[in-house]
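Data from model-v4.txt: compact mmCIF, C-alpha atoms and all ligand atoms
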# COMPACT_ATOMS: atom_id res chain seq x y z
CA MET T 1 0.00 0.00 0.00
CA ALA T 2 1.18 3.47 -0.76
CA SER T 3 0.37 7.10 -1.32
CA VAL T 4 0.91 8.61 -4.74
CA THR T 5 1.88 12.20 -5.44
CA PHE T 6 1.92 14.05 -8.73
CA GLU T 7 3.85 17.32 -8.67
CA GLY T 8 3.58 19.90 -11.42
CA ILE T 9 2.96 17.33 -14.12
CA ARG T 10 2.83 18.58 -17.66
CA LYS T 11 2.63 16.28 -20.65
CA VAL T 12 2.96 17.35 -24.25
CA TYR T 13 2.73 14.68 -26.95
CA GLY T 14 4.96 15.41 -29.94
CA SER T 15 5.50 19.13 -30.15
CA GLU T 16 2.03 20.48 -29.62
CA VAL T 17 -0.61 18.18 -28.14
CA LEU T 18 -0.95 19.42 -24.56
CA ALA T 19 -2.45 16.48 -22.68
CA LEU T 20 -1.87 17.59 -19.05
CA GLU T 21 -0.87 20.80 -17.33
CA ASP T 22 -0.31 21.86 -13.71
CA PHE T 23 -1.39 18.45 -12.50
CA ASP T 24 -0.85 18.39 -8.72
CA LEU T 25 -2.48 15.68 -6.68
CA THR T 26 -1.87 13.40 -3.73
CA VAL T 27 -3.71 10.10 -3.62
CA ARG T 28 -3.83 8.85 -0.06
CA ASP T 29 -2.67 5.46 1.08
CA GLY T 30 -5.59 3.04 0.64
CA GLU T 31 -7.78 5.53 -1.14
CA PHE T 32 -10.13 4.74 -4.04
CA LEU T 33 -9.65 7.80 -6.21
CA VAL T 34 -11.64 8.32 -9.39
CA LEU T 35 -10.49 10.49 -12.28
CA VAL T 36 -13.40 11.59 -14.42
CA GLY T 37 -13.76 13.85 -17.43
CA PRO T 38 -14.79 13.92 -21.06
CA SER T 39 -12.98 12.01 -23.79
CA GLY T 40 -9.50 13.35 -24.48
CA CYS T 41 -9.11 15.26 -21.19
CA GLY T 42 -5.96 13.35 -20.18
CA LYS T 43 -7.24 10.56 -17.92
CA SER T 44 -5.40 7.69 -19.55
CA THR T 45 -2.31 9.83 -19.88
CA ILE T 46 -2.02 10.32 -16.13
CA LEU T 47 -2.29 6.57 -15.53
CA ARG T 48 0.22 5.82 -18.28
CA LEU T 49 2.64 8.31 -16.75
CA LEU T 50 2.34 6.73 -13.33
CA ALA T 51 2.72 3.24 -14.75
CA GLY T 52 5.87 4.34 -16.57
CA LEU T 53 4.48 3.79 -20.06
CA GLU T 54 4.99 7.48 -20.87
CA GLU T 55 7.38 10.11 -19.56
CA PRO T 56 6.17 13.47 -18.30
CA THR T 57 7.39 16.58 -20.11
CA GLU T 58 7.70 18.28 -16.72
CA GLY T 59 7.08 17.42 -13.11
CA LYS T 60 7.59 14.38 -10.94
CA MET T 61 5.73 11.47 -9.40
CA LEU T 62 6.29 9.96 -5.98
CA ILE T 63 5.09 6.67 -4.55
CA ASP T 64 5.22 6.67 -0.77
CA GLY T 65 7.54 9.64 -0.93
CA ARG T 66 9.99 7.94 -3.31
CA ASP T 67 10.58 9.75 -6.60
CA VAL T 68 9.76 7.22 -9.33
CA THR T 69 9.74 9.62 -12.29
CA GLU T 70 12.90 8.16 -13.79
CA THR T 71 12.39 4.54 -12.78
CA SER T 72 11.37 1.67 -15.05
CA PRO T 73 7.78 0.35 -14.95
CA GLN T 74 8.99 -2.84 -13.20
CA GLU T 75 10.46 -0.87 -10.32
CA ARG T 76 7.20 0.94 -9.62
CA ASP T 77 5.17 -1.96 -8.30
CA ILE T 78 1.99 -0.89 -10.04
CA ALA T 79 -0.62 -3.03 -11.81
CA MET T 80 -2.88 -1.59 -14.48
CA VAL T 81 -6.16 -2.97 -15.80
CA PHE T 82 -7.04 -1.59 -19.22
CA GLN T 83 -10.31 -1.16 -21.03
CA ASN T 84 -9.19 -3.67 -23.65
CA TYR T 85 -7.83 -6.25 -21.27
CA ALA T 86 -6.81 -8.75 -23.95
CA LEU T 87 -6.55 -12.13 -22.25
CA TYR T 88 -4.35 -14.78 -23.86
CA PRO T 89 -6.99 -16.83 -25.68
CA HIS T 90 -5.01 -20.09 -25.78
CA MET T 91 -4.21 -20.03 -22.07
CA THR T 92 -6.41 -21.15 -19.19
CA VAL T 93 -7.66 -18.70 -16.61
CA TYR T 94 -4.98 -20.00 -14.26
CA ASP T 95 -2.21 -19.39 -16.77
CA ASN T 96 -3.57 -15.98 -17.69
CA MET T 97 -3.44 -14.94 -14.07
CA ALA T 98 -0.08 -16.60 -13.46
CA PHE T 99 1.58 -15.15 -16.55
CA SER T 100 3.16 -12.02 -15.12
CA LEU T 101 4.44 -13.92 -12.08
CA LYS T 102 6.02 -16.55 -14.31
CA MET T 103 7.64 -13.82 -16.37
CA ARG T 104 9.15 -12.50 -13.15
CA LYS T 105 10.32 -15.99 -12.29
CA ALA T 106 8.38 -16.08 -9.04
CA PRO T 107 8.66 -19.39 -7.10
CA LYS T 108 6.13 -21.93 -8.34
CA ASP T 109 4.50 -22.38 -4.94
CA ASP T 110 3.98 -18.66 -4.59
CA ILE T 111 2.40 -18.48 -8.03
CA GLY T 112 -0.07 -21.21 -7.15
CA GLU T 113 -0.91 -19.58 -3.86
CA TYR T 114 -1.36 -16.09 -5.31
CA VAL T 115 -3.51 -17.27 -8.21
CA ARG T 116 -5.76 -19.30 -5.92
CA GLU T 117 -6.04 -16.40 -3.53
CA ALA T 118 -7.03 -14.04 -6.37
CA ALA T 119 -9.49 -16.60 -7.72
CA GLU T 120 -11.08 -16.88 -4.30
CA ILE T 121 -11.37 -13.12 -3.91
CA LEU T 122 -13.00 -12.91 -7.34
CA ASP T 123 -15.17 -15.98 -6.90
CA MET T 124 -13.51 -17.67 -9.87
CA GLU T 125 -12.15 -20.81 -8.20
CA GLY T 126 -14.30 -23.07 -10.35
CA TYR T 127 -13.07 -21.56 -13.60
CA LEU T 128 -9.30 -21.84 -13.40
CA GLU T 129 -9.04 -24.51 -16.09
CA ARG T 130 -11.30 -22.75 -18.59
CA ARG T 131 -10.15 -20.67 -21.52
CA PRO T 132 -11.33 -17.08 -22.00
CA LYS T 133 -13.78 -17.98 -24.77
CA GLU T 134 -15.61 -20.26 -22.31
CA LEU T 135 -16.29 -17.33 -19.96
CA SER T 136 -18.91 -14.58 -19.81
CA GLY T 137 -17.90 -10.93 -20.23
CA GLY T 138 -17.99 -10.32 -16.50
CA GLN T 139 -15.91 -13.39 -15.78
CA ARG T 140 -13.30 -12.30 -18.32
CA GLN T 141 -13.23 -8.93 -16.66
CA ARG T 142 -12.58 -10.64 -13.34
CA VAL T 143 -9.66 -12.55 -14.84
CA ALA T 144 -8.20 -9.23 -15.99
CA VAL T 145 -8.53 -7.89 -12.45
CA GLY T 146 -7.09 -11.18 -11.14
CA ARG T 147 -3.96 -10.64 -13.21
CA ALA T 148 -3.47 -7.40 -11.32
CA ILE T 149 -4.28 -8.86 -7.88
CA VAL T 150 -1.76 -11.71 -8.10
CA ARG T 151 1.03 -9.20 -8.31
CA HIS T 152 0.16 -7.69 -4.90
CA PRO T 153 1.00 -4.25 -6.25
CA GLN T 154 1.29 -1.12 -4.14
CA VAL T 155 -1.07 0.70 -6.45
CA PHE T 156 -3.83 -0.48 -8.79
CA LEU T 157 -4.68 1.54 -11.87
CA PHE T 158 -7.95 0.97 -13.70
CA ASP T 159 -8.53 2.58 -17.10
CA GLU T 160 -12.24 2.36 -17.90
CA PRO T 161 -12.20 -1.37 -17.13
CA LEU T 162 -15.97 -1.76 -17.30
CA SER T 163 -16.82 0.05 -20.51
CA ASN T 164 -16.99 -3.15 -22.57
CA LEU T 165 -19.68 -4.61 -20.35
CA ASP T 166 -23.43 -4.20 -20.70
CA ALA T 167 -25.18 -1.78 -18.37
CA LYS T 168 -26.37 -4.30 -15.81
CA LEU T 169 -23.06 -6.11 -15.56
CA ARG T 170 -21.27 -2.81 -15.26
CA VAL T 171 -23.31 -1.90 -12.19
CA GLN T 172 -22.60 -5.30 -10.69
CA MET T 173 -18.87 -5.09 -11.40
CA ARG T 174 -18.76 -1.63 -9.83
CA SER T 175 -19.84 -3.00 -6.50
CA GLU T 176 -17.49 -5.97 -6.90
CA LEU T 177 -14.57 -3.62 -7.38
CA ILE T 178 -15.60 -1.59 -4.33
CA ARG T 179 -15.74 -4.78 -2.28
CA LEU T 180 -12.35 -5.74 -3.66
CA HIS T 181 -10.99 -2.38 -2.58
CA ASN T 182 -12.45 -2.77 0.90
CA ARG T 183 -10.94 -6.20 1.19
CA LEU T 184 -7.46 -5.39 -0.12
CA GLY T 185 -7.29 -1.88 1.31
CA ALA T 186 -4.99 -1.00 -1.58
CA THR T 187 -4.53 2.38 -3.19
CA MET T 188 -6.57 2.44 -6.38
CA ILE T 189 -6.84 5.04 -9.12
CA TYR T 190 -9.82 4.50 -11.35
CA VAL T 191 -10.50 6.30 -14.62
CA THR T 192 -13.92 6.72 -16.18
CA HIS T 193 -15.78 9.20 -18.37
CA ASP T 194 -19.04 8.19 -16.67
CA GLN T 195 -19.94 10.62 -13.91
CA ALA T 196 -22.41 8.16 -12.34
CA GLU T 197 -19.65 5.58 -12.06
CA ALA T 198 -17.37 8.18 -10.50
CA MET T 199 -20.01 9.26 -7.99
CA THR T 200 -20.87 5.74 -6.89
CA MET T 201 -17.30 4.47 -6.62
CA GLY T 202 -14.96 7.24 -5.55
CA ASP T 203 -13.78 8.05 -2.03
CA ARG T 204 -12.70 11.23 -3.76
CA ILE T 205 -13.18 12.35 -7.32
CA VAL T 206 -10.94 14.42 -9.55
CA VAL T 207 -12.72 16.19 -12.39
CA LEU T 208 -10.43 16.84 -15.36
CA ARG T 209 -11.08 19.04 -18.34
CA GLU T 210 -8.66 19.59 -21.21
CA GLY T 211 -5.72 18.39 -19.15
CA ARG T 212 -6.43 20.55 -16.11
CA ILE T 213 -7.85 19.58 -12.76
CA GLN T 214 -11.11 21.39 -12.13
CA GLN T 215 -12.00 20.10 -8.68
CA VAL T 216 -10.94 17.41 -6.22
CA ALA T 217 -13.66 16.52 -3.74
CA ILE T 218 -15.76 13.83 -2.14
CA PRO T 219 -18.87 12.97 -4.20
CA SER T 220 -21.38 14.92 -2.11
CA GLU T 221 -19.27 18.07 -2.19
CA LEU T 222 -18.86 17.81 -5.94
CA TYR T 223 -22.61 17.60 -6.28
CA GLU T 224 -23.51 20.26 -3.73
CA LYS T 225 -20.69 22.71 -4.36
CA PRO T 226 -19.35 22.42 -7.89
CA CYS T 227 -16.46 24.89 -8.15
CA ASN T 228 -17.39 26.04 -11.62
CA ARG T 229 -19.90 25.83 -14.42
CA PHE T 230 -18.16 22.93 -16.10
CA VAL T 231 -18.24 20.69 -13.02
CA ALA T 232 -21.83 21.78 -12.34
CA GLY T 233 -22.89 20.63 -15.80
CA PHE T 234 -20.76 17.50 -15.83
CA ILE T 235 -21.76 15.92 -12.52
CA GLY T 236 -25.39 14.83 -12.17
CA SER T 237 -27.93 13.27 -14.51
CA PRO T 238 -30.05 14.76 -15.92
CA ALA T 239 -27.57 17.62 -15.93
CA MET T 240 -28.02 20.78 -13.90
CA ASN T 241 -30.08 23.45 -15.68
CA LEU T 242 -27.70 26.30 -16.56
CA LEU T 243 -29.30 29.58 -17.56
CA ASP T 244 -27.74 32.83 -18.74
CA VAL T 245 -28.92 35.50 -16.33
CA ALA T 246 -28.19 39.04 -15.21
CA LEU T 247 -27.90 40.27 -11.63
CA ARG T 248 -29.94 43.39 -10.88
CA GLY T 249 -29.97 44.60 -7.30
CA SER T 250 -31.29 41.77 -5.21
CA GLU T 251 -32.78 39.95 -8.18
CA ILE T 252 -31.76 37.45 -10.80
CA VAL T 253 -33.20 38.27 -14.19
CA LEU T 254 -33.74 35.35 -16.57
CA SER T 255 -33.65 35.71 -20.36
CA THR T 256 -37.42 35.28 -20.27
CA GLY T 257 -37.72 38.45 -18.18
CA ASP T 258 -38.76 36.44 -15.12
CA ARG T 259 -37.18 37.56 -11.88
CA LEU T 260 -36.04 35.48 -8.93
CA PRO T 261 -34.78 36.68 -5.57
CA SER T 262 -30.98 36.59 -5.35
CA ARG T 263 -29.22 35.26 -2.25
CA TRP T 264 -25.80 36.20 -3.60
CA THR T 265 -23.87 39.37 -2.99
CA ALA T 266 -22.11 39.69 -6.31
CA ARG T 267 -21.62 42.72 -8.52
CA GLU T 268 -24.60 43.65 -10.69
CA GLY T 269 -24.26 42.86 -14.35
CA GLU T 270 -24.68 40.48 -17.23
CA GLY T 271 -22.96 37.22 -18.04
CA TYR T 272 -23.84 35.23 -14.92
CA THR T 273 -25.05 31.64 -15.04
CA PHE T 274 -27.81 30.46 -12.80
CA GLY T 275 -27.71 26.74 -12.03
CA VAL T 276 -30.51 24.64 -10.67
CA ARG T 277 -30.71 20.87 -10.51
CA PRO T 278 -33.76 19.06 -11.93
CA GLU T 279 -34.86 17.99 -8.44
CA ASP T 280 -34.84 21.60 -7.22
CA LEU T 281 -37.61 22.66 -9.57
CA ASN T 282 -41.04 21.99 -8.10
CA LEU T 283 -44.50 22.01 -9.67
CA ARG T 284 -46.77 24.29 -7.64
CA SER T 285 -50.10 25.80 -8.57
CA ASP T 286 -48.91 29.16 -7.15
CA GLY T 287 -45.38 28.89 -8.59
CA SER T 288 -43.79 32.06 -9.88
CA LEU T 289 -42.62 30.59 -13.21
CA THR T 290 -44.59 29.14 -16.10
CA GLY T 291 -43.48 26.51 -18.59
CA GLY T 292 -44.92 24.23 -21.24
CA ILE T 293 -44.45 20.47 -20.91
CA GLU T 294 -42.60 19.27 -24.03
CA VAL T 295 -41.38 15.78 -23.19
CA VAL T 296 -42.01 13.41 -20.30
CA GLU T 297 -39.76 10.45 -19.55
CA THR T 298 -41.51 7.96 -17.32
CA LEU T 299 -38.80 5.98 -15.56
CA GLY T 300 -40.95 4.12 -13.08
CA ASN T 301 -39.45 5.53 -9.90
CA GLU T 302 -39.62 9.10 -11.20
CA LYS T 303 -40.61 11.26 -14.13
CA ILE T 304 -38.23 13.54 -15.97
CA VAL T 305 -40.15 16.47 -17.43
CA TYR T 306 -38.74 18.80 -20.08
CA LEU T 307 -40.22 22.28 -19.97
CA SER T 308 -39.96 25.16 -22.38
CA VAL T 309 -39.81 28.51 -20.63
CA GLY T 310 -39.57 31.26 -23.21
CA ASP T 311 -36.56 30.31 -25.30
CA GLU T 312 -35.09 28.25 -22.49
CA GLN T 313 -35.36 24.51 -21.90
CA LEU T 314 -35.54 23.26 -18.34
CA VAL T 315 -35.43 19.74 -16.98
CA MET T 316 -37.45 18.90 -13.88
CA ARG T 317 -37.42 15.73 -11.80
CA CYS T 318 -40.86 14.76 -10.49
CA GLY T 319 -42.36 11.98 -8.42
CA PRO T 320 -43.64 8.90 -10.28
CA THR T 321 -47.31 9.74 -9.74
CA THR T 322 -47.10 13.38 -10.82
CA GLU T 323 -49.84 14.19 -13.35
CA THR T 324 -48.20 15.45 -16.53
CA LYS T 325 -49.85 16.25 -19.86
CA LEU T 326 -47.88 17.04 -22.98
CA GLY T 327 -48.37 20.61 -24.15
CA GLU T 328 -49.88 21.65 -20.82
CA LYS T 329 -48.78 24.93 -19.23
CA VAL T 330 -47.67 24.44 -15.64
CA ARG T 331 -46.49 26.67 -12.83
CA PHE T 332 -43.38 25.86 -10.87
CA ASP T 333 -40.88 27.23 -8.39
CA VAL T 334 -37.13 27.16 -8.00
CA ASP T 335 -35.66 26.12 -4.65
CA ILE T 336 -33.37 29.14 -4.44
CA ALA T 337 -31.61 27.88 -1.31
CA ARG T 338 -30.28 24.95 -3.38
CA ALA T 339 -29.54 26.87 -6.57
CA HIS T 340 -26.10 27.99 -7.76
CA LEU T 341 -24.66 31.11 -9.30
CA PHE T 342 -21.55 31.23 -11.49
CA ASP T 343 -19.77 34.46 -12.35
CA PRO T 344 -18.98 35.56 -15.92
CA ASP T 345 -15.74 33.51 -15.76
CA GLY T 346 -17.75 30.44 -14.81
CA ARG T 347 -16.61 30.33 -11.17
CA ARG T 348 -19.02 29.53 -8.40
CA VAL T 349 -20.19 32.56 -6.42
CA ALA T 350 -19.99 31.52 -2.77
CA VAL T 351 -23.00 33.50 -1.45
N1 LIG P 1 0.49 8.94 -28.17
C1 LIG P 1 -0.13 10.10 -28.37
N2 LIG P 1 0.31 11.00 -29.29
C2 LIG P 1 -0.28 12.19 -29.47
N3 LIG P 1 -1.36 12.60 -28.78
C3 LIG P 1 -1.86 11.76 -27.85
C4 LIG P 1 -1.27 10.48 -27.60
N4 LIG P 1 -1.98 9.88 -26.63
C5 LIG P 1 -2.97 10.74 -26.29
N5 LIG P 1 -2.89 11.88 -27.02
C6 LIG P 1 -3.75 13.06 -26.89
O1 LIG P 1 -3.68 13.53 -25.56
C7 LIG P 1 -4.93 13.94 -25.08
C8 LIG P 1 -5.31 13.15 -23.85
O2 LIG P 1 -5.47 11.78 -24.20
P1 LIG P 1 -5.94 10.67 -23.17
O3 LIG P 1 -5.82 9.35 -23.86
O4 LIG P 1 -5.19 10.84 -21.90
O5 LIG P 1 -7.46 11.07 -22.96
P2 LIG P 1 -8.60 10.32 -22.11
O6 LIG P 1 -9.09 11.30 -21.11
O7 LIG P 1 -8.09 9.02 -21.61
O8 LIG P 1 -9.75 10.09 -23.20
P3 LIG P 1 -10.76 8.85 -23.39
O9 LIG P 1 -11.87 9.06 -22.39
O10 LIG P 1 -11.24 9.05 -24.79
O11 LIG P 1 -10.00 7.58 -23.19
C9 LIG P 1 -5.90 13.76 -26.25
O12 LIG P 1 -6.01 14.99 -26.90
C10 LIG P 1 -5.21 12.75 -27.13
O13 LIG P 1 -5.57 12.93 -28.48
MG MG P 2 -8.58 7.04 -22.01

Represent the structure from my file as structure tokens, please.
Ligand SMILES: Nc1ncnc2c1ncn2[C@@H]1O[C@H](COP(=O)(O)OP(=O)(O)OP(=O)(O)O)[C@@H](O)[C@H]1O
Ligand SMILES: [Mg+2]
Amino acid sequence: MASVTFEGIRKVYGSEVLALEDFDLTVRDGEFLVLVGPSGCGKSTILRLLAGLEEPTEGKMLIDGRDVTETSPQERDIAMVFQNYALYPHMTVYDNMAFSLKMRKAPKDDIGEYVREAAEILDMEGYLERRPKELSGGQRQRVAVGRAIVRHPQVFLFDEPLSNLDAKLRVQMRSELIRLHNRLGATMIYVTHDQAEAMTMGDRIVVLREGRIQQVAIPSELYEKPCNRFVAGFIGSPAMNLLDVALRGSEIVLSTGDRLPSRWTAREGEGYTFGVRPEDLNLRSDGSLTGGIEVVETLGNEKIVYLSVGDEQLVMRCGPTTETKLGEKVRFDVDIARAHLFDPDGRRVAV
């Protein structure tokens, strides 16, 4: 087990592709840290740097305080599980898991013990003699994780390991990986572009955008206090409603001309963004805003209602038994105490 520190990491591919900049982060010993962000934001790059598959352009990396920036991948004691975890098709599950230990010339008894231990952790004891093509997708995924476990690494890296699985299996594997983390207590860095996966799995989450860290926080803080407009829109599904507004005195003026009381003491002016989550809009017969129901998604446990308000589109989360009629005009309110304001640079206005 180990802590991991990135200091001032910058990575430029070739002469001009800036993949990471000013990347400073400490992952605590035993932490399950999730890196999340849109495609191309640098998630895989940071894992590849730590694993020693790429070299940083600037900055250094420490594992348990030891500078590993210049060391070979073998010296780093890290195991990585990739999205495309190609298993060796001609080898049994046992041999797939044992492979890296054999390559390192580990004693035969140790190999047997480690593979059986990993198989037990992953509930794969009955499958050791099978070949990958005789396994389900989830079982193959477990073999890929098993290959990492047998090495008893200080740090596990996961690069979107579940994205090849169907939705149901993905949810199941998420909780299996969390249980694995609880059991091993190892430091794990997990990359995903799926904010729901990040929220359900991470002890802490790092949101990346275009190679720069936006926010590092526990899931509830990320949801309740997004540091900027990007994080606000990225975390949560359906996404937070983000409206262009102006601040006038003690009021927020929407593009529709509607006014809402402001609880923020920011300078008057244009260019602000008002953010409100779908669950913080409430249908009320005496509500101060009016919208037309355009689309209703009935999900069973809730309804997602899309409203048109002037030229704006708003998404509202309603209870499953809420009466909704397409085309109907409805009145609703905003829970101002739970709403957010972002300044013209996109930064959260504290209050
Ligand atoms: N070997 C490479 N040569 C040049 N550019 C690269 C190389 N690898 C990655 N990049 C670029 O660096 C940036 C970050 O890539 P990276 O693979 O880290 O993104 P990612 O966040 O993992 O994306 P995804 O979610 O699609 O996997 C992208 O703009 C990508 O095109
Ligand atoms: Mg990637």

When the cut-off is 6 Å and you count all atoms listed in the file, which residues lie near ligand LIG 1 (chain P), shown as a list of chain:residue names?
->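 Result of the 6 Å neighbour search around ligand LIG 1 (chain P): T:Tyr13, T:Val17, T:Ala19, T:Pro38, T:Ser39, T:Gly40, T:Cys41, T:Gly42, T:Lys43, T:Ser44, T:Thr45, T:His193.
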
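Using all atoms listed in the file, the nearest neighbour of ligand MG 2 (chain P) within the list T:Leu254, T:Val315, T:Ala51, T:Val36 is T:Val36.
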
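Picture a line from CA of Gly269 in chain T to CA of Arg212 in chain T; it runs 28.6 Å.
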
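What separates CA of Val27 in chain T from CA of Pro73 in chain T is a distance of 18.9 Å.
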
Choose the residue, out of T:Ile205, T:Ile304, T:Met240, T:Leu47, that has the smallest atom-to-atom separation from ligand MG 2 (chain P); count only C-alpha atoms and all ligand atoms.
-> T:Leu47

Within 12 Å of Ser220 in chain T, counting only C-alpha atoms, which residues qualify if same-chain residues fewer than 3 places away don't, as a PyMOL selection string?
-> chain T and resi 198-200+202-205+216-217+223-226+235-236

Restricting the calculation to all atoms listed in the file, which member of T:Asp159, T:Glu125, T:Glu70, T:Glu75 is positioned closest to ligand MG 2 (chain P)?
->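 The answer is T:Asp159, which sits nearest to ligand MG 2 (chain P).
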
Can I get range 298-320 of chain T with N, CA and C atoms filled in, as a PDB file, in the frame of the given file?
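part34.pdb, freshly written:
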ATOM      1  N   THR T 298     -40.990   8.690 -18.469  1.00  0.00           N
ATOM      2  CA  THR T 298     -41.510   7.960 -17.320  1.00  0.00           C
ATOM      3  C   THR T 298     -40.551   6.831 -16.996  1.00  0.00           C
ATOM      4  N   LEU T 299     -39.846   6.965 -15.869  1.00  0.00           N
ATOM      5  CA  LEU T 299     -38.800   5.980 -15.560  1.00  0.00           C
ATOM      6  C   LEU T 299     -39.243   4.961 -14.524  1.00  0.00           C
ATOM      7  N   GLY T 300     -40.486   5.064 -14.084  1.00  0.00           N
ATOM      8  CA  GLY T 300     -40.950   4.120 -13.080  1.00  0.00           C
ATOM      9  C   GLY T 300     -40.854   4.699 -11.689  1.00  0.00           C
ATOM     10  N   ASN T 301     -39.623   4.959 -11.245  1.00  0.00           N
ATOM     11  CA  ASN T 301     -39.450   5.530  -9.900  1.00  0.00           C
ATOM     12  C   ASN T 301     -39.541   7.047  -9.909  1.00  0.00           C
ATOM     13  N   GLU T 302     -39.520   7.637 -11.091  1.00  0.00           N
ATOM     14  CA  GLU T 302     -39.620   9.100 -11.200  1.00  0.00           C
ATOM     15  C   GLU T 302     -39.997   9.465 -12.629  1.00  0.00           C
ATOM     16  N   LYS T 303     -40.358  10.741 -12.786  1.00  0.00           N
ATOM     17  CA  LYS T 303     -40.610  11.260 -14.130  1.00  0.00           C
ATOM     18  C   LYS T 303     -39.639  12.403 -14.383  1.00  0.00           C
ATOM     19  N   ILE T 304     -39.080  12.425 -15.571  1.00  0.00           N
ATOM     20  CA  ILE T 304     -38.230  13.540 -15.970  1.00  0.00           C
ATOM     21  C   ILE T 304     -39.042  14.364 -16.971  1.00  0.00           C
ATOM     22  N   VAL T 305     -39.282  15.616 -16.619  1.00  0.00           N
ATOM     23  CA  VAL T 305     -40.150  16.470 -17.430  1.00  0.00           C
ATOM     24  C   VAL T 305     -39.328  17.594 -18.042  1.00  0.00           C
ATOM     25  N   TYR T 306     -39.448  17.736 -19.365  1.00  0.00           N
ATOM     26  CA  TYR T 306     -38.740  18.800 -20.080  1.00  0.00           C
ATOM     27  C   TYR T 306     -39.713  19.934 -20.339  1.00  0.00           C
ATOM     28  N   LEU T 307     -39.339  21.117 -19.854  1.00  0.00           N
ATOM     29  CA  LEU T 307     -40.220  22.280 -19.970  1.00  0.00           C
ATOM     30  C   LEU T 307     -39.612  23.306 -20.899  1.00  0.00           C
ATOM     31  N   SER T 308     -40.464  23.985 -21.661  1.00  0.00           N
ATOM     32  CA  SER T 308     -39.960  25.160 -22.380  1.00  0.00           C
ATOM     33  C   SER T 308     -40.449  26.386 -21.629  1.00  0.00           C
ATOM     34  N   VAL T 309     -39.501  27.271 -21.346  1.00  0.00           N
ATOM     35  CA  VAL T 309     -39.810  28.510 -20.630  1.00  0.00           C
ATOM     36  C   VAL T 309     -39.246  29.623 -21.490  1.00  0.00           C
ATOM     37  N   GLY T 310     -40.077  30.321 -22.210  1.00  0.00           N
ATOM     38  CA  GLY T 310     -39.570  31.260 -23.210  1.00  0.00           C
ATOM     39  C   GLY T 310     -38.699  30.496 -24.190  1.00  0.00           C
ATOM     40  N   ASP T 311     -37.477  31.007 -24.396  1.00  0.00           N
ATOM     41  CA  ASP T 311     -36.560  30.310 -25.300  1.00  0.00           C
ATOM     42  C   ASP T 311     -35.717  29.276 -24.572  1.00  0.00           C
ATOM     43  N   GLU T 312     -35.915  29.171 -23.267  1.00  0.00           N
ATOM     44  CA  GLU T 312     -35.090  28.250 -22.490  1.00  0.00           C
ATOM     45  C   GLU T 312     -35.759  26.877 -22.377  1.00  0.00           C
ATOM     46  N   GLN T 313     -34.904  25.881 -22.155  1.00  0.00           N
ATOM     47  CA  GLN T 313     -35.360  24.510 -21.900  1.00  0.00           C
ATOM     48  C   GLN T 313     -34.971  24.167 -20.475  1.00  0.00           C
ATOM     49  N   LEU T 314     -35.890  23.660 -19.700  1.00  0.00           N
ATOM     50  CA  LEU T 314     -35.540  23.260 -18.340  1.00  0.00           C
ATOM     51  C   LEU T 314     -35.924  21.797 -18.116  1.00  0.00           C
ATOM     52  N   VAL T 315     -35.130  21.120 -17.314  1.00  0.00           N
ATOM     53  CA  VAL T 315     -35.430  19.740 -16.980  1.00  0.00           C
ATOM     54  C   VAL T 315     -35.823  19.667 -15.507  1.00  0.00           C
ATOM     55  N   MET T 316     -36.933  18.992 -15.242  1.00  0.00           N
ATOM     56  CA  MET T 316     -37.450  18.900 -13.880  1.00  0.00           C
ATOM     57  C   MET T 316     -37.615  17.422 -13.511  1.00  0.00           C
ATOM     58  N   ARG T 317     -37.245  17.106 -12.279  1.00  0.00           N
ATOM     59  CA  ARG T 317     -37.420  15.730 -11.800  1.00  0.00           C
ATOM     60  C   ARG T 317     -38.663  15.711 -10.928  1.00  0.00           C
ATOM     61  N   CYS T 318     -39.601  14.808 -11.232  1.00  0.00           N
ATOM     62  CA  CYS T 318     -40.860  14.760 -10.490  1.00  0.00           C
ATOM     63  C   CYS T 318     -41.093  13.360  -9.938  1.00  0.00           C
ATOM     64  N   GLY T 319     -41.985  13.281  -8.974  1.00  0.00           N
ATOM     65  CA  GLY T 319     -42.360  11.980  -8.420  1.00  0.00           C
ATOM     66  C   GLY T 319     -43.076  11.137  -9.478  1.00  0.00           C
ATOM     67  N   PRO T 320     -43.092   9.814  -9.267  1.00  0.00           N
ATOM     68  CA  PRO T 320     -43.640   8.900 -10.280  1.00  0.00           C
ATOM     69  C   PRO T 320     -45.127   9.085 -10.529  1.00  0.00           C
TER      70      PRO T 320
END
